[in-house]
Amino acid sequence: MAIALGGIASAQNKPDATKAPQGTTQTLAHDNHDGLTVLADPYVDKARGKEKFGKANPLDVGILPVEVFLRNETNQPIHVDINTIQLEVQLRKGGRQEIDWLPVEDVASLIAHPEGIAPSKKPRVAGIQLPSNDKKAQKFAETLRPLTLDADVVPPMGALHGFLYFDVNNEMSLADTAILYVPDVTVVATKKTLMFYEVRLGKPAQPPASPSQ
């Protein structure tokens, strides 16, 4: 996908008073309503993943990194519960499955020990960095953590972005028909619950309607 992300790299997981770069919503899969745009960019190519993550490349152990962009075009802060975000995939044998994203610690441990690890019982809580006694995994986690989406309040006229990691067991082709499901979104001041967002990763995105329309 041809999109210049460098212009907002410094704004990752931090309030950004500017809009996403020109053309972002035309080139990335997205869903838009109520003044919030959710965009998703799945990394399915190992070479692209290596360029972004270096030796801490989740694709090497069958994990799909999805860069999620949250853009708020309202004058109210919006809370997005990132812990309930899921990837819905179409299985080869039919049916669909919802996949929770993995904590950074689990991703790092899988990269450090590709032969297998016990699943982590650590909660996937935004903004909390939990320690690890595994020095090798800890090193990979230090690379991944700054790139990961770990904030959940999108400021007025601002944006957040970062990666979430989904274990697709090396079946990166599942991204072709996958849907990023964002079910829990609330306007902070009014407690108004917004309708869920569904970003269809494999379908060409059409520009959302202008807020003035």
# chains A, B, ... in the order shown; residues from 1 in each chain; ligands from 1
>>> residues_around(residues="range 92-97 of chain A", least_positions_apart="6", cutoff="12 Å", atoms="only C-alpha atoms", output="VMD selection string")
chain A and resid 86 167 to 168 171 173 to 174 177 to 181
>>> select_by_dssp(residues="range 42-211 of chain A", states="helix (DSSP H, G or I)", output="PyMOL selection string")
chain A and resi 46-53+58-61+82-84+104-112+135-147+172-176
>>> write_last_selection(atoms="C-alpha atoms", output="compact mmCIF listing (two decimals), in the first residue's frame")
# COMPACT_ATOMS: atom_id res chain seq x y z
CA LYS A 46 8.03 -10.59 6.07
CA ALA A 47 10.39 -8.18 4.34
CA ARG A 48 8.15 -5.25 5.24
CA GLY A 49 7.92 -6.54 8.79
CA LYS A 50 11.67 -6.86 9.08
CA GLU A 51 12.09 -3.28 7.89
CA LYS A 52 9.71 -2.10 10.60
CA PHE A 53 10.55 -4.41 13.51
CA PRO A 58 6.26 -10.93 14.60
CA LEU A 59 5.76 -12.37 11.12
CA ASP A 60 8.69 -14.72 11.66
CA VAL A 61 6.60 -16.63 14.21
CA ILE A 82 -8.46 -1.41 22.74
CA ASN A 83 -8.63 -4.53 24.94
CA THR A 84 -11.80 -5.69 23.19
CA VAL A 104 3.67 -7.50 23.73
CA GLU A 105 5.21 -9.86 26.29
CA ASP A 106 3.71 -12.89 24.56
CA VAL A 107 4.81 -11.73 21.13
CA ALA A 108 8.34 -11.09 22.37
CA SER A 109 8.49 -14.50 24.08
CA LEU A 110 7.35 -16.27 20.93
CA ILE A 111 10.03 -14.50 18.92
CA ALA A 112 12.66 -15.34 21.53
CA LYS A 135 16.16 -11.25 29.23
CA LYS A 136 16.02 -12.37 25.60
CA ALA A 137 12.28 -11.80 25.36
CA GLN A 138 12.60 -8.55 27.26
CA LYS A 139 14.97 -7.23 24.60
CA PHE A 140 12.42 -7.94 21.86
CA ALA A 141 9.66 -6.42 23.98
CA GLU A 142 11.67 -3.21 24.27
CA THR A 143 11.68 -3.01 20.47
CA LEU A 144 7.97 -3.78 20.10
CA ARG A 145 6.56 -1.73 22.95
CA PRO A 146 7.10 1.75 21.42
CA LEU A 147 5.44 0.56 18.20
CA MET A 172 -1.16 -14.41 6.42
CA SER A 173 -3.64 -14.92 3.58
CA LEU A 174 -6.38 -14.75 6.22
CA ALA A 175 -5.86 -10.99 6.16
CA ASP A 176 -7.41 -10.92 2.68
>>> atom_distance(atom1="CA of Val154 in chain A", atom2="CA of Pro183 in chain A")
15.5 Å
>>> residues_around(residues="range 65-81 of chain A", least_positions_apart="3", cutoff="7 Å", atoms="only C-alpha atoms", output="ChimeraX atom specification")
/A:35-43,58,84,152-166,184-188
>>> atom_distance(atom1="CA of Asn57 in chain A", atom2="CA of Glu115 in chain A")
15.6 Å
>>> atom_distance(atom1="CA of Lys55 in chain A", atom2="CA of His113 in chain A")
12.9 Å
>>> select_by_dssp(residues="range 24-167 of chain A", states="strand (DSSP E)", output="JSON, numbers by chain")
{"A": [29, 30, 31, 32, 33, 36, 37, 38, 39, 40, 41, 42, 63, 64, 65, 66, 67, 68, 69, 70, 71, 72, 78, 79, 80, 86, 87, 88, 89, 90, 96, 97, 98, 99, 100, 153, 154, 159, 160, 161, 162, 163, 164, 165, 166, 167]}
>>> decode(residues="range 22-129 of chain A", atoms="C-alpha atoms", output="compact mmCIF listing (two decimals), in the first residue's frame")
# COMPACT_ATOMS: atom_id res chain seq x y z
CA GLN A 22 -3.21 13.44 2.94
CA GLY A 23 -4.52 10.36 1.15
CA THR A 24 -4.48 7.99 4.15
CA THR A 25 -8.21 7.28 4.09
CA GLN A 26 -8.07 6.72 0.34
CA THR A 27 -5.38 4.03 0.57
CA LEU A 28 -6.00 2.17 3.83
CA ALA A 29 -9.00 0.06 4.80
CA HIS A 30 -11.17 2.04 7.19
CA ASP A 31 -14.53 2.61 8.81
CA ASN A 32 -15.82 6.07 9.62
CA HIS A 33 -18.82 7.43 11.49
CA ASP A 34 -19.67 9.80 14.34
CA GLY A 35 -16.49 11.77 13.71
CA LEU A 36 -14.10 8.88 14.35
CA THR A 37 -12.17 7.09 11.63
CA VAL A 38 -10.59 3.70 12.32
CA LEU A 39 -7.97 2.65 9.77
CA ALA A 40 -5.95 -0.56 9.59
CA ASP A 41 -2.80 -1.55 7.74
CA PRO A 42 -1.94 -5.28 7.98
CA TYR A 43 1.71 -6.23 7.53
CA VAL A 44 1.59 -9.53 5.61
CA ASP A 45 5.04 -9.43 4.01
CA LYS A 46 8.03 -10.59 6.07
CA ALA A 47 10.39 -8.18 4.34
CA ARG A 48 8.15 -5.25 5.24
CA GLY A 49 7.92 -6.54 8.79
CA LYS A 50 11.67 -6.86 9.08
CA GLU A 51 12.09 -3.28 7.89
CA LYS A 52 9.71 -2.10 10.60
CA PHE A 53 10.55 -4.41 13.51
CA GLY A 54 14.06 -5.64 12.76
CA LYS A 55 14.90 -8.85 14.61
CA ALA A 56 11.69 -8.50 16.63
CA ASN A 57 9.59 -9.34 13.55
CA PRO A 58 6.26 -10.93 14.60
CA LEU A 59 5.76 -12.37 11.12
CA ASP A 60 8.69 -14.72 11.66
CA VAL A 61 6.60 -16.63 14.21
CA GLY A 62 3.28 -16.51 12.36
CA ILE A 63 1.88 -13.40 14.02
CA LEU A 64 0.12 -10.75 11.93
CA PRO A 65 0.92 -7.15 12.95
CA VAL A 66 -1.88 -4.71 12.15
CA GLU A 67 -1.15 -1.02 12.43
CA VAL A 68 -4.28 0.70 13.72
CA PHE A 69 -4.96 4.41 13.24
CA LEU A 70 -7.62 6.22 15.29
CA ARG A 71 -8.52 9.69 14.03
CA ASN A 72 -10.92 11.93 15.93
CA GLU A 73 -12.52 14.78 13.98
CA THR A 74 -14.75 15.97 16.81
CA ASN A 75 -14.19 18.46 19.63
CA GLN A 76 -14.71 15.77 22.28
CA PRO A 77 -12.25 13.10 23.48
CA ILE A 78 -13.25 9.59 22.46
CA HIS A 79 -12.41 6.44 24.41
CA VAL A 80 -11.67 3.30 22.41
CA ASP A 81 -11.44 0.13 24.52
CA ILE A 82 -8.46 -1.41 22.74
CA ASN A 83 -8.63 -4.53 24.94
CA THR A 84 -11.80 -5.69 23.19
CA ILE A 85 -10.54 -5.18 19.63
CA GLN A 86 -10.57 -8.46 17.70
CA LEU A 87 -9.64 -9.77 14.27
CA GLU A 88 -12.43 -11.76 12.66
CA VAL A 89 -11.10 -14.24 10.08
CA GLN A 90 -12.72 -16.51 7.52
CA LEU A 91 -11.54 -20.09 8.11
CA ARG A 92 -10.53 -22.30 5.18
CA LYS A 93 -13.06 -24.97 6.17
CA GLY A 94 -15.83 -22.43 6.49
CA GLY A 95 -17.11 -20.37 9.37
CA ARG A 96 -15.45 -17.43 11.06
CA GLN A 97 -13.31 -17.03 14.14
CA GLU A 98 -12.60 -14.04 16.37
CA ILE A 99 -8.97 -13.67 17.43
CA ASP A 100 -7.86 -11.57 20.39
CA TRP A 101 -4.63 -9.64 20.02
CA LEU A 102 -1.56 -10.76 21.92
CA PRO A 103 0.22 -8.77 24.65
CA VAL A 104 3.67 -7.50 23.73
CA GLU A 105 5.21 -9.86 26.29
CA ASP A 106 3.71 -12.89 24.56
CA VAL A 107 4.81 -11.73 21.13
CA ALA A 108 8.34 -11.09 22.37
CA SER A 109 8.49 -14.50 24.08
CA LEU A 110 7.35 -16.27 20.93
CA ILE A 111 10.03 -14.50 18.92
CA ALA A 112 12.66 -15.34 21.53
CA HIS A 113 11.48 -18.96 21.85
CA PRO A 114 9.81 -20.01 18.58
CA GLU A 115 9.71 -23.63 19.78
CA GLY A 116 6.87 -22.60 22.06
CA ILE A 117 6.01 -20.96 25.39
CA ALA A 118 3.26 -21.15 27.93
CA PRO A 119 0.58 -18.49 27.31
CA SER A 120 0.91 -15.39 29.44
CA LYS A 121 -1.68 -14.63 32.08
CA LYS A 122 -0.79 -10.97 32.06
CA PRO A 123 -3.70 -8.63 31.29
CA ARG A 124 -3.76 -6.70 28.03
CA VAL A 125 -4.15 -3.31 29.72
CA ALA A 126 -3.44 -0.08 27.87
CA GLY A 127 -0.45 1.86 29.09
CA ILE A 128 0.80 -0.67 31.65
CA GLN A 129 4.24 -2.16 31.10
